[in-house]
>>> print(open('coords_14.tsv').read())   # TSV, C-alpha atoms
chain	number	residue	atom	x	y	z
A	1	MET	CA	170.52	53.01	-35.00
A	2	ARG	CA	169.21	55.80	-32.77
A	3	ASN	CA	166.82	54.41	-30.17
A	4	PRO	CA	163.32	55.84	-30.90
A	5	ASN	CA	162.46	55.90	-27.20
A	6	LEU	CA	165.12	58.46	-26.25
A	7	LYS	CA	162.59	61.28	-26.31
A	8	ARG	CA	159.36	59.64	-25.22
A	9	LEU	CA	156.85	61.25	-22.86
A	10	ARG	CA	157.95	60.79	-19.24
A	11	ARG	CA	155.76	62.93	-16.99
A	12	THR	CA	155.50	60.31	-14.24
A	13	MET	CA	157.92	57.59	-13.12
A	14	MET	CA	156.36	55.52	-10.37
A	15	PHE	CA	158.66	53.75	-7.91
A	16	LEU	CA	157.78	50.11	-7.15
A	17	ASN	CA	159.66	47.80	-4.81
A	18	CYS	CA	160.76	44.69	-6.73
A	19	GLN	CA	160.66	42.75	-3.46
A	20	LYS	CA	156.85	43.06	-3.34
A	21	PRO	CA	154.92	40.89	-5.83
A	22	ASN	CA	151.65	42.67	-5.07
A	23	LEU	CA	153.16	45.98	-6.19
A	24	ILE	CA	154.73	44.90	-9.45
A	25	LYS	CA	151.96	42.67	-10.81
A	26	ASP	CA	149.61	45.32	-12.27
A	27	PRO	CA	150.78	48.96	-11.84
A	28	TYR	CA	149.89	49.69	-15.48
A	29	ILE	CA	146.24	50.05	-14.47
A	30	TYR	CA	147.09	53.48	-13.02
A	31	LYS	CA	148.59	54.59	-16.36
A	32	PRO	CA	151.86	56.21	-15.31
A	33	ASP	CA	154.15	57.03	-18.24
A	34	SER	CA	156.92	54.89	-16.70
A	35	ILE	CA	157.30	52.52	-13.79
A	36	MET	CA	160.54	52.37	-11.88
A	37	LEU	CA	161.15	48.87	-10.60
A	38	ASP	CA	163.50	49.29	-7.67
A	39	LEU	CA	166.38	46.96	-6.85
A	40	GLU	CA	168.11	49.58	-4.71
A	41	ASP	CA	167.04	51.33	-1.50
A	42	ALA	CA	163.57	49.79	-1.20
A	43	VAL	CA	165.02	46.27	-1.21
A	44	ALA	CA	166.53	44.93	2.03
A	45	GLU	CA	170.19	43.99	1.76
A	46	ASN	CA	169.49	40.28	2.32
A	47	GLN	CA	166.73	40.25	-0.31
A	48	LYS	CA	168.70	41.70	-3.26
A	49	ASP	CA	168.85	38.28	-4.91
A	50	ALA	CA	165.13	37.59	-4.40
A	51	ALA	CA	164.22	40.93	-5.97
A	52	ARG	CA	166.18	40.04	-9.13
A	53	TYR	CA	164.27	36.79	-9.74
A	54	SER	CA	160.98	38.66	-9.28
A	55	LEU	CA	162.17	41.38	-11.64
A	56	TYR	CA	163.23	38.91	-14.32
A	57	HIS	CA	159.90	37.12	-14.41
A	58	ALA	CA	157.90	40.34	-14.17
A	59	LEU	CA	159.75	41.77	-17.17
A	60	LYS	CA	159.33	38.57	-19.14
A	61	GLU	CA	155.79	37.60	-18.25
A	62	ILE	CA	153.74	40.64	-17.22
A	63	ASP	CA	152.23	42.77	-19.98
A	64	TYR	CA	152.70	46.35	-18.78
A	65	HIS	CA	150.57	47.65	-21.68
A	66	GLY	CA	153.17	50.00	-23.13
A	67	VAL	CA	154.20	51.60	-19.83
A	68	GLU	CA	157.96	52.12	-19.94
A	69	ARG	CA	159.86	49.77	-17.63
A	70	VAL	CA	162.74	51.50	-15.88
A	71	VAL	CA	164.84	49.57	-13.35
A	72	ARG	CA	166.81	51.34	-10.62
A	73	ILE	CA	169.96	49.33	-10.01
A	74	ASN	CA	172.21	49.36	-6.97
A	75	GLY	CA	175.06	51.86	-6.79
A	76	LEU	CA	178.51	51.24	-8.23
A	77	ALA	CA	180.03	51.06	-4.75
A	78	THR	CA	177.97	47.95	-3.97
A	79	PRO	CA	178.62	44.30	-4.95
A	80	HIS	CA	175.18	44.12	-6.58
A	81	TRP	CA	175.15	46.37	-9.62
A	82	GLN	CA	176.77	44.08	-12.19
A	83	GLU	CA	174.30	41.23	-11.63
A	84	ASP	CA	171.55	43.88	-11.61
A	85	VAL	CA	172.65	44.95	-15.10
A	86	ARG	CA	172.69	41.33	-16.33
A	87	VAL	CA	169.15	40.64	-15.14
A	88	CYS	CA	167.84	43.95	-16.52
A	89	VAL	CA	169.22	43.26	-19.98
A	90	ALA	CA	168.24	39.58	-19.98
A	91	GLY	CA	164.70	40.48	-18.90
A	92	GLY	CA	164.39	43.22	-21.52
A	93	ALA	CA	164.13	46.32	-19.30
A	94	ASP	CA	163.65	49.48	-21.35
A	95	VAL	CA	165.82	51.66	-19.14
A	96	ILE	CA	168.44	51.27	-16.41
A	97	ARG	CA	168.55	54.07	-13.87
A	98	ILE	CA	172.05	54.47	-12.46
A	99	SER	CA	172.01	55.32	-8.77
A	100	LYS	CA	174.34	57.85	-7.13
A	101	THR	CA	175.93	58.97	-10.39
A	102	GLU	CA	178.77	61.42	-9.81
A	103	THR	CA	180.85	61.42	-13.00
A	104	ALA	CA	180.74	60.57	-16.69
A	105	GLU	CA	183.01	57.64	-15.84
A	106	ASP	CA	180.23	56.14	-13.69
A	107	VAL	CA	177.98	56.11	-16.76
A	108	HIS	CA	180.76	54.63	-18.90
A	109	ARG	CA	181.20	51.74	-16.45
A	110	VAL	CA	177.51	50.87	-16.55
A	111	GLU	CA	177.36	51.35	-20.30
A	112	ALA	CA	180.20	48.85	-20.79
A	113	ALA	CA	178.44	46.31	-18.58
A	114	VAL	CA	175.16	46.85	-20.43
A	115	GLU	CA	176.80	46.35	-23.80
A	116	ALA	CA	178.50	43.15	-22.58
A	117	ALA	CA	175.15	41.89	-21.29
A	118	GLU	CA	173.39	42.76	-24.55
A	119	LYS	CA	175.94	40.62	-26.39
A	120	GLU	CA	175.67	37.82	-23.81
A	121	PHE	CA	171.88	37.67	-24.00
A	122	GLU	CA	171.64	38.44	-27.74
A	123	VAL	CA	169.77	41.69	-27.23
A	124	PRO	CA	170.32	44.30	-29.99
A	125	VAL	CA	173.21	46.52	-28.87
A	126	GLY	CA	171.82	49.94	-27.96
A	127	ARG	CA	168.33	48.73	-27.04
A	128	THR	CA	168.76	49.36	-23.29
A	129	LEU	CA	168.61	53.06	-22.44
A	130	LEU	CA	170.20	54.74	-19.44
A	131	MET	CA	169.30	57.55	-17.11
A	132	ALA	CA	171.36	58.90	-14.25
A	133	ALA	CA	170.21	59.79	-10.75
A	134	LEU	CA	172.21	62.63	-9.22
A	135	GLU	CA	172.27	62.28	-5.45
A	136	SER	CA	175.22	64.40	-4.31
A	137	ALA	CA	176.73	67.84	-4.68
A	138	LYS	CA	179.48	66.33	-6.83
A	139	GLY	CA	176.93	64.70	-9.13
A	140	VAL	CA	175.06	67.99	-9.58
A	141	MET	CA	178.34	69.85	-10.24
A	142	ASN	CA	179.09	67.32	-12.99
A	143	ALA	CA	175.58	67.28	-14.45
A	144	TYR	CA	176.59	68.53	-17.90
A	145	GLU	CA	179.39	65.98	-18.40
A	146	ILE	CA	177.06	63.25	-17.16
A	147	CYS	CA	174.38	64.34	-19.65
A	148	ASN	CA	176.94	64.13	-22.45
A	149	SER	CA	178.49	60.85	-21.33
A	150	SER	CA	176.51	58.43	-23.51
A	151	GLU	CA	174.17	58.29	-26.47
A	152	ARG	CA	172.08	55.80	-24.51
A	153	LEU	CA	171.51	58.28	-21.71
A	154	PHE	CA	168.28	60.24	-22.22
A	155	GLY	CA	168.21	62.21	-19.01
A	156	ILE	CA	169.09	62.94	-15.42
A	157	ALA	CA	166.99	62.84	-12.27
A	158	LEU	CA	167.39	64.53	-8.92
A	159	SER	CA	167.29	62.12	-6.01
A	160	GLY	CA	166.40	64.36	-3.10
A	161	GLY	CA	166.86	62.13	-0.05
A	162	ASP	CA	170.55	61.42	-0.48
A	163	TYR	CA	171.19	64.84	-2.01
A	164	SER	CA	169.84	66.67	1.04
A	165	LYS	CA	172.00	64.46	3.29
A	166	ASP	CA	175.06	65.29	1.21
A	167	LEU	CA	174.27	68.99	1.53
A	168	GLN	CA	174.03	68.49	5.29
A	169	THR	CA	170.47	69.69	5.41
A	170	VAL	CA	167.01	68.12	5.54
A	171	ILE	CA	163.96	68.05	3.30
A	172	THR	CA	161.92	71.03	4.48
A	173	GLY	CA	158.92	70.83	2.20
A	174	THR	CA	159.63	74.34	0.90
A	175	GLY	CA	162.05	73.18	-1.80
A	176	VAL	CA	164.73	75.67	-0.71
A	177	GLU	CA	167.28	72.89	-0.22
A	178	PHE	CA	166.81	71.74	-3.84
A	179	ALA	CA	166.74	75.15	-5.54
A	180	GLY	CA	170.33	75.15	-6.71
A	181	ALA	CA	170.32	71.53	-7.84
A	182	ARG	CA	167.08	71.91	-9.76
A	183	GLN	CA	168.30	75.00	-11.58
A	184	SER	CA	171.74	73.55	-12.35
A	185	MET	CA	170.32	70.25	-13.56
A	186	ILE	CA	167.68	71.64	-15.89
A	187	VAL	CA	170.20	74.02	-17.44
A	188	ALA	CA	172.75	71.21	-17.90
A	189	ALA	CA	170.15	68.85	-19.34
A	190	ARG	CA	168.82	71.37	-21.82
A	191	ALA	CA	172.35	72.41	-22.84
A	192	ALA	CA	173.03	68.75	-23.66
A	193	GLY	CA	169.64	68.15	-25.28
A	194	LYS	CA	168.57	65.69	-22.58
A	195	GLN	CA	165.53	65.27	-20.34
A	196	CYS	CA	165.39	66.22	-16.66
A	197	PHE	CA	163.26	64.75	-13.88
A	198	ASP	CA	162.45	65.95	-10.40
A	199	THR	CA	162.69	64.10	-7.11
A	200	VAL	CA	159.81	62.48	-5.21
A	201	PHE	CA	157.37	64.33	-2.94
A	202	THR	CA	156.92	62.04	0.04
A	203	ASN	CA	154.03	63.60	1.99
A	204	LEU	CA	150.98	61.87	0.53
A	205	ASP	CA	148.65	63.82	2.82
A	206	ASP	CA	149.72	67.14	1.32
A	207	MET	CA	148.29	67.00	-2.18
A	208	GLU	CA	148.09	70.80	-2.34
A	209	GLY	CA	151.81	71.11	-1.62
A	210	PHE	CA	152.46	68.37	-4.16
A	211	ALA	CA	150.52	70.21	-6.88
A	212	LYS	CA	152.41	73.44	-6.14
A	213	GLU	CA	155.74	71.63	-6.46
A	214	VAL	CA	154.71	69.96	-9.73
A	215	LEU	CA	153.64	73.32	-11.18
A	216	MET	CA	156.94	74.87	-10.11
A	217	ILE	CA	159.10	72.19	-11.69
A	218	LYS	CA	157.04	72.29	-14.87
A	219	GLN	CA	157.59	76.04	-15.05
A	220	MET	CA	161.31	75.48	-14.48
A	221	GLY	CA	161.39	73.25	-17.56
A	222	PHE	CA	161.45	69.74	-16.10
A	223	ASP	CA	160.04	66.86	-18.16
A	224	GLY	CA	158.45	65.02	-15.27
A	225	LYS	CA	158.63	63.81	-11.71
A	226	SER	CA	159.40	60.64	-9.81
A	227	ILE	CA	156.37	59.56	-7.80
A	228	ILE	CA	155.74	57.09	-5.00
A	229	ASN	CA	152.00	56.48	-5.17
A	230	PRO	CA	149.31	56.14	-7.88
A	231	ARG	CA	147.41	58.99	-6.17
A	232	GLN	CA	150.04	61.40	-7.48
A	233	ILE	CA	149.67	60.49	-11.16
A	234	GLU	CA	146.56	62.48	-12.06
A	235	THR	CA	147.97	65.70	-10.60
A	236	VAL	CA	151.23	65.46	-12.55
A	237	HIS	CA	149.54	64.55	-15.81
A	238	ARG	CA	146.98	67.33	-15.46
A	239	ILE	CA	149.64	69.96	-14.80
A	240	PHE	CA	151.95	68.71	-17.54
A	241	THR	CA	149.19	68.45	-20.16
A	242	PRO	CA	148.79	71.67	-22.17
A	243	SER	CA	145.44	73.45	-21.77
A	244	GLU	CA	143.10	73.93	-24.72
A	245	LYS	CA	144.05	77.64	-24.78
A	246	GLU	CA	147.77	76.78	-24.92
A	247	ILE	CA	147.20	74.25	-27.69
A	248	ILE	CA	145.20	76.68	-29.83
A	249	PHE	CA	147.83	79.39	-29.36
A	250	ALA	CA	150.71	76.99	-30.15
A	251	GLU	CA	148.93	75.86	-33.32
A	252	LYS	CA	148.47	79.47	-34.44
A	253	VAL	CA	152.12	80.28	-33.73
A	254	VAL	CA	153.42	77.33	-35.74
A	255	ARG	CA	151.10	78.04	-38.69
A	256	GLU	CA	151.86	81.76	-38.67
A	257	ILE	CA	155.62	81.29	-38.46
A	258	ASP	CA	155.56	78.80	-41.35
A	259	GLU	CA	153.43	81.18	-43.42
A	260	LYS	CA	155.30	84.39	-42.59
A	261	ARG	CA	158.67	82.76	-43.08
A	262	ALA	CA	157.69	81.91	-46.67
A	263	LYS	CA	156.84	85.60	-47.17
A	264	GLY	CA	160.12	86.78	-45.68
A	265	ILE	CA	158.51	88.24	-42.53
A	266	GLY	CA	160.48	87.63	-39.32
A	267	VAL	CA	158.43	89.25	-36.57
A	268	PHE	CA	154.66	89.70	-36.24
A	269	THR	CA	151.85	89.38	-33.68
A	270	VAL	CA	149.52	86.52	-32.75
A	271	ASP	CA	146.59	87.36	-30.44
A	272	GLY	CA	148.33	90.63	-29.59
A	273	LYS	CA	151.63	88.99	-28.63
A	274	MET	CA	154.90	89.61	-30.45
A	275	ILE	CA	156.07	86.39	-32.11
A	276	ASP	CA	159.27	85.47	-33.91
A	277	ILE	CA	161.18	82.29	-34.73
A	278	ALA	CA	162.26	81.90	-31.08
A	279	PHE	CA	158.70	80.76	-30.28
A	280	TYR	CA	158.69	77.98	-32.86
A	281	ASP	CA	160.34	75.12	-30.97
A	282	GLY	CA	158.40	75.82	-27.78
A	283	SER	CA	155.11	75.78	-29.65
A	284	LYS	CA	156.04	72.55	-31.43
A	285	ARG	CA	156.91	71.05	-28.04
A	286	THR	CA	153.52	72.08	-26.62
A	287	LEU	CA	151.80	70.33	-29.52
A	288	SER	CA	153.95	67.21	-29.16
A	289	LEU	CA	153.16	67.06	-25.46
A	290	ALA	CA	149.45	67.54	-26.16
A	291	LYS	CA	149.54	64.85	-28.81
A	292	ALA	CA	151.38	62.42	-26.54
A	293	ALA	CA	148.90	63.15	-23.77
A	294	GLY	CA	146.03	62.36	-26.14
A	295	VAL	CA	144.42	65.81	-26.14
A	296	TYR	CA	145.48	66.95	-29.62
A	297	GLU	CA	144.92	65.17	-32.89
A	298	GLY	CA	145.96	67.90	-35.33
A	299	GLU	CA	148.52	67.41	-38.05
A	300	LEU	CA	151.15	69.81	-36.70
B	301	MET	CA	171.52	21.01	-9.23
B	302	ASP	CA	171.92	19.61	-5.75
B	303	ILE	CA	170.24	21.06	-2.69
B	304	LYS	CA	173.26	21.46	-0.44
B	305	LYS	CA	171.45	22.99	2.52
B	306	SER	CA	168.05	24.28	3.58
B	307	ALA	CA	167.02	27.61	2.11
B	308	ILE	CA	163.91	29.75	2.11
B	309	ALA	CA	162.58	32.48	-0.18
B	310	GLY	CA	159.48	34.65	-0.25
B	311	THR	CA	157.01	35.85	2.34
B	312	LEU	CA	153.52	35.17	3.60
B	313	GLU	CA	152.21	38.47	2.27
B	314	SER	CA	149.30	38.61	-0.15
B	315	SER	CA	150.24	37.70	-3.76
B	316	ASP	CA	153.45	36.05	-2.55
B	317	ALA	CA	154.58	32.53	-1.73
B	318	GLN	CA	157.10	31.22	0.76
B	319	VAL	CA	159.19	28.38	-0.60
B	320	THR	CA	161.45	26.20	1.53
B	321	VAL	CA	163.86	23.67	0.05
B	322	GLU	CA	165.77	21.03	2.00
B	323	PRO	CA	168.05	18.16	0.94
B	324	GLY	CA	165.83	15.31	-0.24
B	325	ASN	CA	165.68	11.54	0.06
B	326	GLY	CA	166.30	10.67	-3.58
B	327	LYS	CA	163.08	12.18	-4.97
B	328	ILE	CA	160.96	15.31	-5.08
B	329	ASP	CA	158.88	15.50	-1.92
B	330	PHE	CA	156.33	18.30	-2.54
B	331	SER	CA	153.94	19.80	-0.05
B	332	LEU	CA	151.58	22.73	-0.55
B	333	ASP	CA	149.55	25.01	1.69
B	334	SER	CA	147.51	27.49	-0.28
B	335	THR	CA	144.56	29.81	0.21
B	336	VAL	CA	143.41	28.78	-3.27
B	337	ILE	CA	144.36	25.10	-3.16
B	338	HIS	CA	141.01	23.87	-4.48
B	339	GLN	CA	141.00	26.20	-7.50
B	340	PHE	CA	144.70	26.32	-8.35
B	341	GLY	CA	146.45	23.52	-6.43
B	342	ASN	CA	147.19	21.48	-9.54
B	343	GLN	CA	148.47	24.50	-11.45
B	344	ILE	CA	150.74	25.56	-8.60
B	345	ARG	CA	152.13	22.03	-8.33
B	346	ALA	CA	152.75	21.90	-12.08
B	347	THR	CA	154.54	25.26	-12.07
B	348	VAL	CA	156.76	24.29	-9.14
B	349	LEU	CA	157.67	20.89	-10.63
B	350	GLU	CA	158.36	22.39	-14.03
B	351	THR	CA	160.64	25.00	-12.46
B	352	LEU	CA	162.54	22.33	-10.51
B	353	LYS	CA	162.93	20.30	-13.70
B	354	ARG	CA	164.36	23.28	-15.56
B	355	LEU	CA	166.82	23.83	-12.71
B	356	GLY	CA	167.82	20.15	-12.81
B	357	VAL	CA	166.65	19.51	-9.24
B	358	SER	CA	165.32	15.99	-8.66
B	359	ASN	CA	166.27	15.36	-5.05
B	360	VAL	CA	164.55	17.84	-2.75
B	361	LYS	CA	161.98	18.30	-0.06
B	362	ILE	CA	160.07	21.41	-1.09
B	363	THR	CA	157.36	23.17	0.88
B	364	VAL	CA	155.25	25.93	-0.65
B	365	VAL	CA	153.01	28.20	1.39
B	366	ASP	CA	151.06	30.12	-1.22
B	367	ARG	CA	149.21	33.36	-0.63
B	368	GLY	CA	147.77	33.85	-4.09
B	369	ALA	CA	151.03	34.21	-6.02
B	370	LEU	CA	151.04	34.51	-9.79
B	371	ASP	CA	152.99	31.88	-11.74
B	372	CYS	CA	155.84	34.33	-12.29
B	373	THR	CA	156.16	34.87	-8.52
B	374	LEU	CA	156.09	31.13	-7.80
B	375	LYS	CA	158.89	30.53	-10.28
B	376	ALA	CA	160.91	33.42	-8.84
B	377	ARG	CA	160.59	32.09	-5.29
B	378	VAL	CA	161.48	28.49	-6.23
B	379	GLU	CA	164.53	29.65	-8.20
B	380	CYS	CA	165.66	31.94	-5.40
B	381	ALA	CA	165.41	29.18	-2.78
B	382	VAL	CA	167.28	26.68	-4.98
B	383	PHE	CA	170.14	29.07	-5.82
B	384	ARG	CA	170.36	30.12	-2.16
B	385	ALA	CA	170.71	26.43	-1.28
B	386	ASN	CA	173.76	26.47	-3.55
B	387	ASP	CA	175.15	29.84	-2.37
B	388	GLN	CA	175.07	31.16	-5.93
B	389	THR	CA	174.14	34.83	-6.32
B	390	GLU	CA	176.18	35.90	-9.37
B	391	ASN	CA	176.50	34.87	-13.01
B	392	LEU	CA	173.04	33.40	-12.87
B	393	PRO	CA	171.66	31.69	-15.98
B	394	TRP	CA	169.01	34.29	-16.91
B	395	GLY	CA	167.10	33.03	-19.92
B	396	GLY	CA	168.62	29.56	-19.50
B	397	ALA	CA	167.68	27.50	-16.45
B	398	ILE	CA	165.95	30.64	-15.16
B	399	LYS	CA	163.16	31.09	-17.63
>>> encode(input="coords_14.tsv", output="structure tokens")
Amino acid sequence: MRNPNLKRLRRTMMFLNCQKPNLIKDPYIYKPDSIMLDLEDAVAENQKDAARYSLYHALKEIDYHGVERVVRINGLATPHWQEDVRVCVAGGADVIRISKTETAEDVHRVEAAVEAAEKEFEVPVGRTLLMAALESAKGVMNAYEICNSSERLFGIALSGGDYSKDLQTVITGTGVEFAGARQSMIVAARAAGKQCFDTVFTNLDDMEGFAKEVLMIKQMGFDGKSIINPRQIETVHRIFTPSEKEIIFAEKVVREIDEKRAKGIGVFTVDGKMIDIAFYDGSKRTLSLAKAAGVYEGEL
Amino acid sequence: MDIKKSAIAGTLESSDAQVTVEPGNGKIDFSLDSTVIHQFGNQIRATVLETLKRLGVSNVKITVVDRGALDCTLKARVECAVFRANDQTENLPWGGAIK
């Protein structure tokens, strides 16, 4: 059975360190679309085990009020990732985010471990979704094959810190170092019918720069952004939520295309703009996004 | 499970608890320091003892310094300390003794 959560709304994924009980106990109050419970870089090497026990009980006992629970596991080159997979599946995580993904084979290895864990813990096979973080030039070069590697995998995410290191540059704040990766990844994701997510913006004192970056990645086609602080949620949601004007226009486009198609008319104008069938999916997507964001209750 | 050596888990940060286990003298020797001992001391004690029972630990000296941890955090810290005392970090019994 196809997992119904493959295409859910994911404008914000908020990183939370599993090592810190005060961070993971109630993040749902800020209403991100997803939380990303981190077993990887945020957790000290000698606390990897402690983070797993906290994760297990948080997944089992805390009501996150419908916020999607993603867990970032340790990379495949570490001794930690297999036990990470077991605890994620046993706890009932919605998604496993694979760190430092470079090839389709990386996804296959995790997928096999997830399936084994689902059988071990009597979780329905296919329940646990996957996403892949691309953190190197090789990963970005292989983005399309990674997107197509698994039916469980709903999307890819740029992980900027390690990626900039791999490119032998630094994070400048201008985005120039990520331009190629962002463009390659969104094209690969869309070609494969998958979602695409942008990297974190780490300067919490520069909310103006943050808003500019969010607007840019939305215009590029991204589905959402990883975030590091609740303060960033409102900005992302505001920018990713269609405006009233956009919703009204999208509604008109969908209605007109449906009507004109029945009459055998292929091209026409709406509010002075030339419209044809190519606008249909985009308009439907605008309405879906508006509906998911709670600002549209129409029947389309 | 036996407590083969001393082990510690958790921190003294807010919402956390620091749990220390040491080889016991044939029984459970429990001590608690908590910022909310008067309101929740009995509940904390019950959660810790229940977790030890599930893990099959009956011979231990256990010290809990609580800083307002939720039940789920207390359980996580007790389990972590006990498995550390046994040097076990893989193939853990999620959903079994860890529950």
>>> interface_residues(input="coords_14.tsv", of="chain A", to="chain B", cutoff="10 Å", atoms="only C-alpha atoms", output="VMD selection string")
chain A and resid 19 to 23 25 47 to 62 79 to 80 82 to 84 86 to 91 121
>>> atom_distance(input="coords_14.tsv", atom1="atom CA of Pro230 of chain A", atom2="atom CA of Tyr30 of chain A")
6.2 Å
>>> closest_residue(input="coords_14.tsv", among="B:Gln318, B:Asp366, B:Ile303, B:Val382", to="Ile337 of chain B", atoms="all atoms listed in the file")
B:Asp366
>>> closest_residue(input="coords_14.tsv", among="B:Asp329, B:Ala307, B:His338, B:Ile344", to="Val365 of chain B", atoms="all atoms listed in the file")
B:Ile344
>>> closest_residue(input="coords_14.tsv", among="B:Ala346, B:Val336, B:Val319, B:Met301", to="Thr363 of chain B", atoms="all atoms listed in the file")
B:Val319
>>> atom_distance(input="coords_14.tsv", atom1="atom CA of Leu158 of chain A", atom2="atom CA of Val140 of chain A")
8.4 Å
>>> atom_distance(input="coords_14.tsv", atom1="atom CA of Thr202 of chain A", atom2="atom CA of Ile227 of chain A")
8.2 Å
>>> residues_near_point(input="coords_14.tsv", point="(169.5, 76.4, -10.6)", cutoff="12 Å", atoms="all atoms listed in the file", output="PyMOL selection string")
chain A and resi 140-141+143+175-189+217+220-222
>>> write_last_selection(input="coords_14.tsv", atoms="C-alpha atoms", output="compact mmCIF listing (two decimals), in the coordinates of the input")
# COMPACT_ATOMS: atom_id res chain seq x y z
CA VAL A 140 175.06 67.99 -9.58
CA MET A 141 178.34 69.85 -10.24
CA ALA A 143 175.58 67.28 -14.45
CA GLY A 175 162.05 73.18 -1.80
CA VAL A 176 164.73 75.67 -0.71
CA GLU A 177 167.28 72.89 -0.22
CA PHE A 178 166.81 71.74 -3.84
CA ALA A 179 166.74 75.15 -5.54
CA GLY A 180 170.33 75.15 -6.71
CA ALA A 181 170.32 71.53 -7.84
CA ARG A 182 167.08 71.91 -9.76
CA GLN A 183 168.30 75.00 -11.58
CA SER A 184 171.74 73.55 -12.35
CA MET A 185 170.32 70.25 -13.56
CA ILE A 186 167.68 71.64 -15.89
CA VAL A 187 170.20 74.02 -17.44
CA ALA A 188 172.75 71.21 -17.90
CA ALA A 189 170.15 68.85 -19.34
CA ILE A 217 159.10 72.19 -11.69
CA MET A 220 161.31 75.48 -14.48
CA GLY A 221 161.39 73.25 -17.56
CA PHE A 222 161.45 69.74 -16.10
>>> decode(input="coords_14.tsv", residues="segment 95-146 of chain A", atoms="C-alpha atoms", output="tab-separated table (two decimals), in the first residue's frame")
chain	number	residue	atom	x	y	z
A	95	VAL	CA	10.56	9.32	8.78
A	96	ILE	CA	14.25	8.43	8.87
A	97	ARG	CA	16.57	11.04	7.41
A	98	ILE	CA	19.69	9.41	6.00
A	99	SER	CA	22.80	11.51	6.60
A	100	LYS	CA	25.57	12.02	4.05
A	101	THR	CA	23.79	10.14	1.27
A	102	GLU	CA	25.96	9.79	-1.82
A	103	THR	CA	24.45	6.97	-3.88
A	104	ALA	CA	21.27	4.98	-4.42
A	105	GLU	CA	23.08	2.09	-2.74
A	106	ASP	CA	23.26	4.10	0.50
A	107	VAL	CA	19.47	4.34	0.47
A	108	HIS	CA	19.13	0.63	-0.33
A	109	ARG	CA	21.27	-0.27	2.70
A	110	VAL	CA	19.11	1.78	5.04
A	111	GLU	CA	15.93	0.55	3.41
A	112	ALA	CA	16.95	-3.07	4.00
A	113	ALA	CA	17.70	-2.33	7.66
A	114	VAL	CA	14.37	-0.52	8.05
A	115	GLU	CA	12.45	-3.40	6.54
A	116	ALA	CA	14.23	-5.89	8.82
A	117	ALA	CA	13.40	-3.71	11.82
A	118	GLU	CA	9.76	-3.37	10.77
A	119	LYS	CA	9.52	-7.16	10.72
A	120	GLU	CA	11.37	-7.47	14.04
A	121	PHE	CA	9.11	-4.98	15.82
A	122	GLU	CA	5.91	-5.97	13.99
A	123	VAL	CA	5.47	-2.59	12.34
A	124	PRO	CA	3.61	-2.67	8.98
A	125	VAL	CA	6.25	-2.96	6.25
A	126	GLY	CA	6.43	0.35	4.39
A	127	ARG	CA	5.21	2.51	7.28
A	128	THR	CA	8.59	4.17	7.88
A	129	LEU	CA	9.41	6.75	5.21
A	130	LEU	CA	12.87	7.87	4.17
A	131	MET	CA	14.47	11.11	3.08
A	132	ALA	CA	18.06	11.65	2.04
A	133	ALA	CA	20.39	14.47	3.06
A	134	LEU	CA	22.91	15.34	0.36
A	135	GLU	CA	26.06	16.72	1.94
A	136	SER	CA	28.74	16.33	-0.73
A	137	ALA	CA	29.44	17.08	-4.37
A	138	LYS	CA	29.09	13.37	-5.12
A	139	GLY	CA	25.69	13.24	-3.44
A	140	VAL	CA	24.46	16.24	-5.45
A	141	MET	CA	25.81	14.71	-8.69
A	142	ASN	CA	23.80	11.57	-7.92
A	143	ALA	CA	20.64	13.39	-6.81
A	144	TYR	CA	18.39	11.91	-9.50
A	145	GLU	CA	19.38	8.28	-8.85
A	146	ILE	CA	18.99	8.89	-5.12
